file final06.txt (compact mmCIF, C-alpha atoms and all ligand atoms)
# COMPACT_ATOMS: atom_id res chain seq x y z
CA MET A 1 116.74 90.70 110.77
CA ASN A 2 117.37 89.06 114.06
CA ARG A 3 114.43 86.71 114.51
CA LYS A 4 113.68 83.05 113.88
CA ASP A 5 110.11 82.93 112.57
CA LEU A 6 107.47 84.85 110.64
CA VAL A 7 104.20 84.00 112.40
CA SER A 8 102.50 87.40 112.55
CA LEU A 9 103.34 90.88 111.30
CA ALA A 10 102.37 92.08 114.77
CA ASP A 11 105.58 90.43 116.06
CA LEU A 12 107.77 92.54 113.77
CA SER A 13 109.05 96.03 114.42
CA GLN A 14 108.33 98.77 111.92
CA GLU A 15 112.02 98.62 110.93
CA GLU A 16 111.76 94.89 110.23
CA VAL A 17 108.70 95.36 108.02
CA PHE A 18 110.54 98.01 106.01
CA GLU A 19 113.66 95.81 105.89
CA ILE A 20 111.54 93.09 104.24
CA LEU A 21 109.95 95.56 101.81
CA GLU A 22 113.30 97.14 100.89
CA THR A 23 114.91 93.73 100.41
CA ALA A 24 111.97 92.60 98.27
CA LYS A 25 112.23 95.70 96.09
CA THR A 26 115.97 95.22 95.58
CA LEU A 27 115.69 91.47 94.86
CA LYS A 28 112.86 92.13 92.40
CA LEU A 29 114.70 94.88 90.48
CA GLU A 30 117.98 92.99 90.39
CA HIS A 31 116.33 89.70 89.38
CA LYS A 32 114.51 91.45 86.53
CA ALA A 33 117.86 92.94 85.46
CA GLY A 34 119.30 89.42 85.22
CA ALA A 35 121.18 89.19 88.53
CA ARG A 36 121.51 85.85 90.36
CA HIS A 37 121.04 85.68 94.11
CA ASP A 38 122.32 82.32 95.28
CA VAL A 39 122.15 83.30 98.94
CA LEU A 40 120.30 80.09 99.93
CA SER A 41 122.50 77.72 97.97
CA GLY A 42 122.27 74.22 99.47
CA LYS A 43 119.27 75.12 101.67
CA THR A 44 115.94 73.32 101.69
CA LEU A 45 112.48 74.59 102.62
CA ALA A 46 109.73 72.17 103.67
CA MET A 47 106.30 73.41 102.54
CA VAL A 48 103.56 71.84 104.65
CA PHE A 49 100.01 72.32 103.32
CA GLN A 50 96.75 71.39 105.06
CA LYS A 51 94.80 73.41 102.46
CA PRO A 52 94.99 73.97 98.69
CA SER A 53 97.11 76.73 97.14
CA LEU A 54 98.26 78.19 93.84
CA ARG A 55 100.14 81.35 94.76
CA THR A 56 101.70 80.33 98.07
CA ARG A 57 102.90 76.97 96.83
CA VAL A 58 104.34 78.14 93.53
CA SER A 59 105.79 81.44 94.76
CA PHE A 60 107.61 79.79 97.69
CA GLU A 61 108.92 77.00 95.47
CA VAL A 62 110.09 79.35 92.71
CA GLY A 63 111.42 81.76 95.34
CA MET A 64 113.64 79.07 96.85
CA MET A 65 114.87 78.07 93.38
CA GLU A 66 115.69 81.67 92.47
CA LEU A 67 117.69 82.00 95.70
CA GLY A 68 119.71 78.89 94.86
CA GLY A 69 117.90 76.52 97.22
CA ARG A 70 115.12 73.99 96.84
CA ALA A 71 111.68 73.33 98.28
CA ILE A 72 109.79 70.15 99.13
CA TYR A 73 105.99 70.17 98.82
CA ILE A 74 104.19 68.15 101.50
CA GLY A 75 100.47 67.90 100.74
CA PRO A 76 97.51 67.58 103.12
CA ASP A 77 97.39 63.77 103.05
CA GLU A 78 101.05 63.19 103.80
CA ILE A 79 101.92 64.51 107.26
CA GLN A 80 98.36 64.86 108.55
CA LEU A 81 99.59 67.38 111.10
CA GLY A 82 98.35 66.50 114.59
CA LYS A 83 96.60 63.35 113.39
CA ARG A 84 99.27 60.91 112.20
CA GLU A 85 101.69 62.41 114.69
CA THR A 86 101.89 65.41 116.94
CA VAL A 87 102.78 68.87 115.67
CA GLU A 88 105.66 68.85 118.15
CA ASP A 89 107.20 65.70 116.64
CA VAL A 90 106.70 66.96 113.08
CA ALA A 91 108.52 70.20 114.01
CA ILE A 92 111.43 68.38 115.61
CA VAL A 93 111.83 65.81 112.82
CA LEU A 94 111.56 68.35 109.98
CA SER A 95 114.19 70.48 111.73
CA ARG A 96 116.66 67.58 111.36
CA TYR A 97 116.20 67.57 107.56
CA VAL A 98 115.50 71.07 106.34
CA ASP A 99 116.61 74.67 106.87
CA GLY A 100 113.14 76.20 107.09
CA ILE A 101 109.46 75.28 107.29
CA MET A 102 106.61 77.11 105.59
CA ALA A 103 103.19 75.88 106.72
CA ARG A 104 99.57 76.52 105.71
CA VAL A 105 97.26 75.26 108.44
CA PHE A 106 93.73 75.40 109.76
CA ALA A 107 94.29 76.14 113.47
CA HIS A 108 96.64 79.05 114.15
CA LYS A 109 97.89 77.24 117.27
CA ASP A 110 99.52 74.68 114.96
CA ILE A 111 101.75 77.42 113.50
CA LEU A 112 102.60 78.59 117.01
CA GLU A 113 103.45 75.04 118.01
CA LEU A 114 105.57 74.44 114.90
CA ALA A 115 107.47 77.63 115.66
CA ARG A 116 107.89 76.66 119.30
CA PHE A 117 109.32 73.20 118.64
CA ALA A 118 111.19 73.67 115.35
CA SER A 119 114.82 74.69 115.64
CA VAL A 120 114.65 76.12 112.09
CA PRO A 121 112.63 79.18 110.95
CA VAL A 122 108.86 78.71 110.57
CA ILE A 123 106.93 80.89 108.11
CA ASN A 124 103.16 81.21 108.35
CA GLY A 125 101.78 80.51 104.86
CA LEU A 126 98.20 81.16 106.10
CA SER A 127 96.30 80.04 109.16
CA ASP A 128 92.66 80.55 110.05
CA LEU A 129 93.77 83.68 111.92
CA LEU A 130 96.51 85.28 109.81
CA HIS A 131 98.10 85.51 106.36
CA PRO A 132 101.24 87.62 106.90
CA CYS A 133 102.96 86.78 103.58
CA GLN A 134 99.90 88.05 101.73
CA ALA A 135 99.92 91.33 103.64
CA LEU A 136 103.64 91.81 102.90
CA ALA A 137 102.97 91.39 99.17
CA ASP A 138 100.03 93.80 99.49
CA LEU A 139 102.15 96.43 101.23
CA LEU A 140 104.87 96.02 98.60
CA THR A 141 102.27 96.58 95.87
CA VAL A 142 100.86 99.72 97.53
CA TRP A 143 104.38 101.04 98.09
CA GLU A 144 105.37 100.50 94.44
CA LYS A 145 102.20 102.05 93.07
CA LYS A 146 101.71 104.91 95.54
CA ARG A 147 105.31 105.46 96.73
CA ARG A 148 104.10 106.17 100.27
CA PHE A 149 101.86 104.81 103.04
CA GLU A 150 101.20 107.86 105.18
CA SER A 151 97.99 109.71 104.33
CA LEU A 152 96.63 106.60 102.57
CA THR A 153 93.50 104.66 103.57
CA LEU A 154 92.89 101.02 102.69
CA ALA A 155 89.22 99.98 102.65
CA PHE A 156 88.67 96.25 103.05
CA ILE A 157 85.17 95.28 101.90
CA GLY A 158 84.03 91.96 103.39
CA ASP A 159 84.85 89.40 106.05
CA GLY A 160 87.07 90.24 109.04
CA ASN A 161 89.21 87.19 108.20
CA ASN A 162 92.85 86.07 108.18
CA VAL A 163 93.77 88.43 105.33
CA ALA A 164 91.99 91.36 107.01
CA HIS A 165 93.81 90.59 110.29
CA SER A 166 97.25 90.61 108.67
CA LEU A 167 96.39 93.82 106.83
CA ILE A 168 95.36 95.41 110.14
CA ASN A 169 98.73 94.37 111.58
CA GLY A 170 100.63 95.49 108.49
CA CYS A 171 98.86 98.83 108.06
CA ALA A 172 99.56 99.66 111.72
CA LYS A 173 103.29 99.05 111.12
CA VAL A 174 103.59 101.25 108.04
CA GLY A 175 101.17 104.03 109.05
CA MET A 176 98.36 103.39 106.56
CA ALA A 177 94.78 103.78 107.85
CA PHE A 178 92.62 100.63 107.68
CA ARG A 179 88.85 100.55 107.32
CA ILE A 180 86.63 97.53 107.01
CA ALA A 181 82.98 97.35 105.98
CA CYS A 182 81.45 94.07 107.16
CA PRO A 183 78.04 92.75 108.19
CA LYS A 184 77.32 92.30 111.90
CA GLY A 185 78.97 89.15 113.22
CA TYR A 186 81.83 89.23 110.69
CA GLU A 187 84.06 91.80 112.37
CA PRO A 188 87.81 91.28 112.73
CA ASP A 189 89.12 89.82 115.97
CA ASP A 190 88.85 92.29 118.89
CA ALA A 191 92.30 91.47 120.26
CA ILE A 192 93.99 92.08 116.89
CA VAL A 193 92.18 95.41 116.46
CA ALA A 194 93.02 96.47 120.02
CA ALA A 195 96.70 95.53 119.64
CA ALA A 196 96.95 97.45 116.36
CA ARG A 197 95.37 100.52 117.94
CA GLN A 198 97.75 100.25 120.85
CA VAL A 199 100.74 100.67 118.53
CA GLY A 200 99.13 103.66 116.81
CA GLY A 201 97.20 101.83 114.08
CA ARG A 202 94.09 103.58 112.75
CA VAL A 203 91.36 100.93 112.45
CA GLN A 204 87.73 101.72 111.67
CA ILE A 205 84.93 99.14 111.59
CA LEU A 206 81.96 100.19 109.48
CA ARG A 207 78.78 98.57 108.20
CA ASP A 208 78.28 100.43 104.96
CA PRO A 209 80.54 99.48 102.01
CA VAL A 210 79.88 102.83 100.31
CA GLU A 211 80.91 104.74 103.43
CA ALA A 212 84.08 102.61 103.74
CA ALA A 213 85.00 103.02 100.07
CA THR A 214 84.40 106.77 99.96
CA GLY A 215 87.72 108.52 99.34
CA ALA A 216 89.70 105.30 99.90
CA ASP A 217 93.09 104.98 98.19
CA VAL A 218 93.00 101.18 98.15
CA LEU A 219 89.92 98.95 97.80
CA TYR A 220 90.55 95.38 98.93
CA ALA A 221 88.45 92.24 98.45
CA ASP A 222 88.78 88.65 99.64
CA THR A 223 86.41 85.70 99.49
CA TRP A 224 83.33 85.75 101.74
CA ALA A 225 83.90 82.10 102.72
CA SER A 226 87.48 81.14 103.52
CA MET A 227 88.98 77.67 103.21
CA GLY A 228 87.36 75.54 105.89
CA GLN A 229 84.09 77.54 105.81
CA GLU A 230 82.66 75.82 102.73
CA THR A 231 79.52 74.67 104.59
CA GLU A 232 78.75 78.32 105.47
CA ALA A 233 79.09 79.52 101.87
CA GLU A 234 75.36 79.93 101.23
CA LYS A 235 74.69 81.67 104.54
CA ARG A 236 77.65 83.97 103.92
CA ARG A 237 76.49 84.76 100.39
CA ARG A 238 73.27 86.10 101.93
CA ALA A 239 75.04 87.96 104.76
CA PHE A 240 77.51 89.65 102.38
CA ALA A 241 75.02 90.67 99.69
CA GLY A 242 75.99 94.24 98.71
CA PHE A 243 79.60 93.85 99.91
CA THR A 244 80.87 93.62 96.33
CA ILE A 245 83.63 95.77 94.90
CA ASP A 246 81.89 97.03 91.79
CA GLN A 247 81.54 100.23 89.77
CA ARG A 248 79.40 101.77 92.52
CA LEU A 249 82.33 101.53 94.99
CA LEU A 250 84.92 102.50 92.36
CA ASP A 251 82.90 105.67 91.74
CA VAL A 252 83.14 106.84 95.37
CA ALA A 253 86.77 105.80 96.00
CA ALA A 254 89.70 108.14 95.24
CA ASN A 255 90.11 108.75 91.48
CA ASP A 256 93.39 106.86 91.41
CA ALA A 257 92.29 104.12 93.86
CA LEU A 258 94.16 100.85 93.67
CA ILE A 259 92.03 97.69 93.51
CA LEU A 260 93.51 94.69 95.29
CA HIS A 261 92.36 91.09 95.82
CA CYS A 262 94.52 88.37 97.34
CA LEU A 263 92.93 85.77 95.01
CA PRO A 264 91.41 83.28 94.38
CA ALA A 265 88.47 85.47 93.28
CA HIS A 266 84.79 84.61 93.05
CA TYR A 267 83.69 87.01 90.33
CA GLY A 268 80.23 88.43 90.90
CA GLU A 269 80.53 87.89 94.65
CA GLU A 270 83.22 89.89 96.50
CA ILE A 271 84.33 91.65 93.29
CA THR A 272 82.95 92.00 89.79
CA TYR A 273 85.07 90.81 86.89
CA GLU A 274 84.89 94.35 85.46
CA ALA A 275 86.27 95.91 88.68
CA SER A 276 89.07 93.33 88.75
CA ARG A 277 90.09 94.38 85.22
CA SER A 278 89.56 98.13 85.70
CA PRO A 279 92.49 100.56 85.19
CA GLY A 280 93.16 100.81 88.95
CA SER A 281 93.39 97.07 89.45
CA ALA A 282 96.78 95.68 90.46
CA ILE A 283 95.65 92.20 91.42
CA PHE A 284 98.15 90.38 89.22
CA ASP A 285 101.07 92.64 90.25
CA GLN A 286 99.97 91.85 93.78
CA ALA A 287 100.03 88.10 93.04
CA GLU A 288 103.50 88.48 91.50
CA ASN A 289 104.68 90.35 94.57
CA ARG A 290 104.04 87.27 96.71
CA LEU A 291 107.18 85.91 95.06
CA HIS A 292 109.32 88.97 95.71
CA ALA A 293 108.10 89.60 99.27
CA GLN A 294 108.62 85.97 100.24
CA LYS A 295 112.08 85.83 98.65
CA ALA A 296 112.97 88.68 101.00
CA VAL A 297 111.55 86.79 103.98
CA LEU A 298 113.40 83.61 102.97
CA ALA A 299 116.68 85.45 102.38
CA LEU A 300 116.44 87.24 105.73
CA LEU A 301 115.34 84.25 107.84
CA LEU A 302 117.12 81.26 106.27
CA ARG A 303 120.47 82.79 105.38
N1 LIG B 1 96.46 84.41 98.02
C1 LIG B 1 96.84 83.14 98.30
O1 LIG B 1 97.35 82.81 99.37
O2 LIG B 1 96.62 82.26 97.28
P1 LIG B 1 96.74 80.67 97.36
O3 LIG B 1 95.66 80.19 98.28
O4 LIG B 1 96.54 80.20 95.95
O5 LIG B 1 98.09 80.31 97.90
N1 LIG B 2 90.68 84.22 103.36
C1 LIG B 2 91.05 83.26 102.34
C2 LIG B 2 92.37 83.62 101.75
C3 LIG B 2 92.83 82.72 100.64
C4 LIG B 2 94.19 83.07 100.13
C5 LIG B 2 91.08 81.87 102.94
O1 LIG B 2 91.55 81.70 104.05
O2 LIG B 2 90.60 80.95 102.26

call {"tool": "encode", "arguments": {"input": "final06.txt", "output": "structure tokens", "more": "lines below"}}
Ligand code: CP
Ligand code: NVA
result
Amino acid sequence: MNRKDLVSLADLSQEEVFEILETAKTLKLEHKAGARHDVLSGKTLAMVFQKPSLRTRVSFEVGMMELGGRAIYIGPDEIQLGKRETVEDVAIVLSRYVDGIMARVFAHKDILELARFASVPVINGLSDLLHPCQALADLLTVWEKKRRFESLTLAFIGDGNNVAHSLINGCAKVGMAFRIACPKGYEPDDAIVAAARQVGGRVQILRDPVEAATGADVLYADTWASMGQETEAEKRRRAFAGFTIDQRLLDVAANDALILHCLPAHYGEEITYEASRSPGSAIFDQAENRLHAQKAVLALLLR
């Protein structure tokens, strides 16, 4: 793959998305068969976090280790991106020490700025706008379970947030139809939807969760209040009442529908515990696939 950064899946060609998915599949199979892949031997990844994390932090750290490299965790209080010093200076200084930067930030412009000023690859580990590594793991999970993308529809029930945006971008690349059911005022970003449609993406914005779930091959949930929106949690709980993946939605989805959730989950809100443990649920395979998808990204960008 001939590119420096992973900021948005919209930046990638369809071939590049499939290159990542193919690489992830191979690395996963070979690793499980006992192979060693020391392709990043001697390389270091800086992991900059402005927000908490379980999956992103651990999967990137383990991923680097499994590829023969190492990772340094830099928590929210340490760099204080843009406060203690400018994003530009952080990008330039980190580039003198490490071979890649993965960052989880509030403002998406901070990722863009890191990518602009760093001379090493920058990987978006979630911003307020996008979560491309999540969408790659999600696509890998759908691909493994369904063995195809064409003729499939993913129904996202909830907020038009960072995860929804990256799924819109990702679905457009692989040819899977995307539907969202959201209350008024919580739609995905117009520009992201328009750009996806421009490259042939099928994106539908609906109000009724039952209508969105009907016949869907994948049902997807994420929190109603993302990190940074804690003060809106109560208001959002009211706005999203009824936007829960539960038996009622499972009943109208395709018989073999896959249930996905990027986690962390708030059981009884965006998904019921029972739906998360139902036979179609792949939420923990999906969480595992963060590791394999990101190993592919690391191997392709940092090598
Ligand atoms: N899905 C996800 O990004 O999880 P973390 O916030 O735990 O990294
Ligand atoms: N939309 C959620 C995803 C968490 C992985 C958030 O930004 O908090």

call {"tool": "closest_residue", "arguments": {"input": "final06.txt", "among": "A:Ala155, A:Cys133, A:Ala241, A:Leu258", "to": "ligand LIG 1 (chain B)", "atoms": "all atoms listed in the file"}}
result
A:Cys133

call {"tool": "closest_atom_pairs", "arguments": {"input": "final06.txt", "of": "chain A", "to": "ligand LIG 2 (chain B)", "cutoff": "10 Å", "atoms": "only C-alpha atoms and all ligand atoms", "output": "JSON lines"}}
result
{"residue": "A:Lys51", "atom": "CA", "partner": "B:LIG2", "partner_atom": "O2", "distance": 8.6}
{"residue": "A:Pro52", "atom": "CA", "partner": "B:LIG2", "partner_atom": "O2", "distance": 9.0}
{"residue": "A:Ser53", "atom": "CA", "partner": "B:LIG2", "partner_atom": "C4", "distance": 7.6}
{"residue": "A:Leu54", "atom": "CA", "partner": "B:LIG2", "partner_atom": "C4", "distance": 8.9}
{"residue": "A:Arg55", "atom": "CA", "partner": "B:LIG2", "partner_atom": "C4", "distance": 8.2}
{"residue": "A:Thr56", "atom": "CA", "partner": "B:LIG2", "partner_atom": "C4", "distance": 8.3}
{"residue": "A:Arg104", "atom": "CA", "partner": "B:LIG2", "partner_atom": "O1", "distance": 9.7}
{"residue": "A:Val105", "atom": "CA", "partner": "B:LIG2", "partner_atom": "O1", "distance": 9.7}
{"residue": "A:Phe106", "atom": "CA", "partner": "B:LIG2", "partner_atom": "O1", "distance": 8.8}
{"residue": "A:Gly125", "atom": "CA", "partner": "B:LIG2", "partner_atom": "C4", "distance": 9.3}
{"residue": "A:Leu126", "atom": "CA", "partner": "B:LIG2", "partner_atom": "O1", "distance": 7.0}
{"residue": "A:Ser127", "atom": "CA", "partner": "B:LIG2", "partner_atom": "O1", "distance": 7.2}
{"residue": "A:Asp128", "atom": "CA", "partner": "B:LIG2", "partner_atom": "O1", "distance": 6.2}
{"residue": "A:Leu129", "atom": "CA", "partner": "B:LIG2", "partner_atom": "O1", "distance": 8.4}
{"residue": "A:Leu130", "atom": "CA", "partner": "B:LIG2", "partner_atom": "O1", "distance": 8.4}
{"residue": "A:His131", "atom": "CA", "partner": "B:LIG2", "partner_atom": "C2", "distance": 7.6}
{"residue": "A:Gln134", "atom": "CA", "partner": "B:LIG2", "partner_atom": "C4", "distance": 7.7}
{"residue": "A:Asp159", "atom": "CA", "partner": "B:LIG2", "partner_atom": "N1", "distance": 8.2}
{"residue": "A:Gly160", "atom": "CA", "partner": "B:LIG2", "partner_atom": "N1", "distance": 9.0}
{"residue": "A:Asn161", "atom": "CA", "partner": "B:LIG2", "partner_atom": "N1", "distance": 5.9}
{"residue": "A:Asn162", "atom": "CA", "partner": "B:LIG2", "partner_atom": "N1", "distance": 5.6}
{"residue": "A:Val163", "atom": "CA", "partner": "B:LIG2", "partner_atom": "N1", "distance": 5.6}
{"residue": "A:Ala164", "atom": "CA", "partner": "B:LIG2", "partner_atom": "N1", "distance": 8.1}
{"residue": "A:His165", "atom": "CA", "partner": "B:LIG2", "partner_atom": "N1", "distance": 9.9}
{"residue": "A:Ala221", "atom": "CA", "partner": "B:LIG2", "partner_atom": "N1", "distance": 9.7}
{"residue": "A:Asp222", "atom": "CA", "partner": "B:LIG2", "partner_atom": "N1", "distance": 6.1}
{"residue": "A:Thr223", "atom": "CA", "partner": "B:LIG2", "partner_atom": "N1", "distance": 5.9}
{"residue": "A:Trp224", "atom": "CA", "partner": "B:LIG2", "partner_atom": "N1", "distance": 7.7}
{"residue": "A:Ala225", "atom": "CA", "partner": "B:LIG2", "partner_atom": "O2", "distance": 6.8}
{"residue": "A:Ser226", "atom": "CA", "partner": "B:LIG2", "partner_atom": "O2", "distance": 3.4}
{"residue": "A:Met227", "atom": "CA", "partner": "B:LIG2", "partner_atom": "O2", "distance": 3.8}
{"residue": "A:Gly228", "atom": "CA", "partner": "B:LIG2", "partner_atom": "O2", "distance": 7.3}
{"residue": "A:Gln229", "atom": "CA", "partner": "B:LIG2", "partner_atom": "O2", "distance": 8.2}
{"residue": "A:Glu230", "atom": "CA", "partner": "B:LIG2", "partner_atom": "O2", "distance": 9.5}
{"residue": "A:His261", "atom": "CA", "partner": "B:LIG2", "partner_atom": "C4", "distance": 9.3}
{"residue": "A:Cys262", "atom": "CA", "partner": "B:LIG2", "partner_atom": "C4", "distance": 6.0}
{"residue": "A:Leu263", "atom": "CA", "partner": "B:LIG2", "partner_atom": "C4", "distance": 5.9}
{"residue": "A:Pro264", "atom": "CA", "partner": "B:LIG2", "partner_atom": "C4", "distance": 6.4}
{"residue": "A:Ala265", "atom": "CA", "partner": "B:LIG2", "partner_atom": "C3", "distance": 9.0}

call {"tool": "write_last_selection", "arguments": {"input": "final06.txt", "atoms": "C-alpha atoms", "output": "CSV table (one decimal), in the coordinates of the input"}}
result
chain,number,residue,atom,x,y,z
A,51,LYS,CA,94.8,73.4,102.5
A,52,PRO,CA,95.0,74.0,98.7
A,53,SER,CA,97.1,76.7,97.1
A,54,LEU,CA,98.3,78.2,93.8
A,55,ARG,CA,100.1,81.4,94.8
A,56,THR,CA,101.7,80.3,98.1
A,104,ARG,CA,99.6,76.5,105.7
A,105,VAL,CA,97.3,75.3,108.4
A,106,PHE,CA,93.7,75.4,109.8
A,125,GLY,CA,101.8,80.5,104.9
A,126,LEU,CA,98.2,81.2,106.1
A,127,SER,CA,96.3,80.0,109.2
A,128,ASP,CA,92.7,80.6,110.0
A,129,LEU,CA,93.8,83.7,111.9
A,130,LEU,CA,96.5,85.3,109.8
A,131,HIS,CA,98.1,85.5,106.4
A,134,GLN,CA,99.9,88.0,101.7
A,159,ASP,CA,84.8,89.4,106.0
A,160,GLY,CA,87.1,90.2,109.0
A,161,ASN,CA,89.2,87.2,108.2
A,162,ASN,CA,92.8,86.1,108.2
A,163,VAL,CA,93.8,88.4,105.3
A,164,ALA,CA,92.0,91.4,107.0
A,165,HIS,CA,93.8,90.6,110.3
A,221,ALA,CA,88.4,92.2,98.4
A,222,ASP,CA,88.8,88.6,99.6
A,223,THR,CA,86.4,85.7,99.5
A,224,TRP,CA,83.3,85.8,101.7
A,225,ALA,CA,83.9,82.1,102.7
A,226,SER,CA,87.5,81.1,103.5
A,227,MET,CA,89.0,77.7,103.2
A,228,GLY,CA,87.4,75.5,105.9
A,229,GLN,CA,84.1,77.5,105.8
A,230,GLU,CA,82.7,75.8,102.7
A,261,HIS,CA,92.4,91.1,95.8
A,262,CYS,CA,94.5,88.4,97.3
A,263,LEU,CA,92.9,85.8,95.0
A,264,PRO,CA,91.4,83.3,94.4
A,265,ALA,CA,88.5,85.5,93.3

call {"tool": "closest_residue", "arguments": {"input": "final06.txt", "among": "A:Val39, A:Ala213, A:Val17, A:Leu167", "to": "Leu302 of chain A", "atoms": "only C-alpha atoms"}}
result
A:Val39

call {"tool": "atom_distance", "arguments": {"input": "final06.txt", "atom1": "atom CA of Leu9 of chain A", "atom2": "atom CA of Leu291 of chain A"}}
result
17.4 Å

call {"tool": "axis_aligned_box", "arguments": {"input": "final06.txt", "around": "ligand LIG 1 (chain B)", "padding_each_side": "4 Å", "output": "AutoDock Vina command-line options"}}
result
--center_x 96.9 --center_y 82.3 --center_z 97.7 --size_x 10.4 --size_y 12.2 --size_z 11.4

call {"tool": "closest_residue", "arguments": {"input": "final06.txt", "among": "A:Val199, A:Ala181, A:Ile157, A:Val193", "to": "Asp246 of chain A", "atoms": "all atoms listed in the file"}}
result
A:Ile157

call {"tool": "closest_residue", "arguments": {"input": "final06.txt", "among": "A:Leu45, A:Ala275, A:Leu139, A:Leu154", "to": "Glu22 of chain A", "atoms": "all atoms listed in the file"}}
result
A:Leu139

call {"tool": "closest_residue", "arguments": {"input": "final06.txt", "among": "A:Lys109, A:Arg248, A:Arg70, A:Arg57", "to": "ligand LIG 1 (chain B)", "atoms": "only C-alpha atoms and all ligand atoms"}}
result
A:Arg57
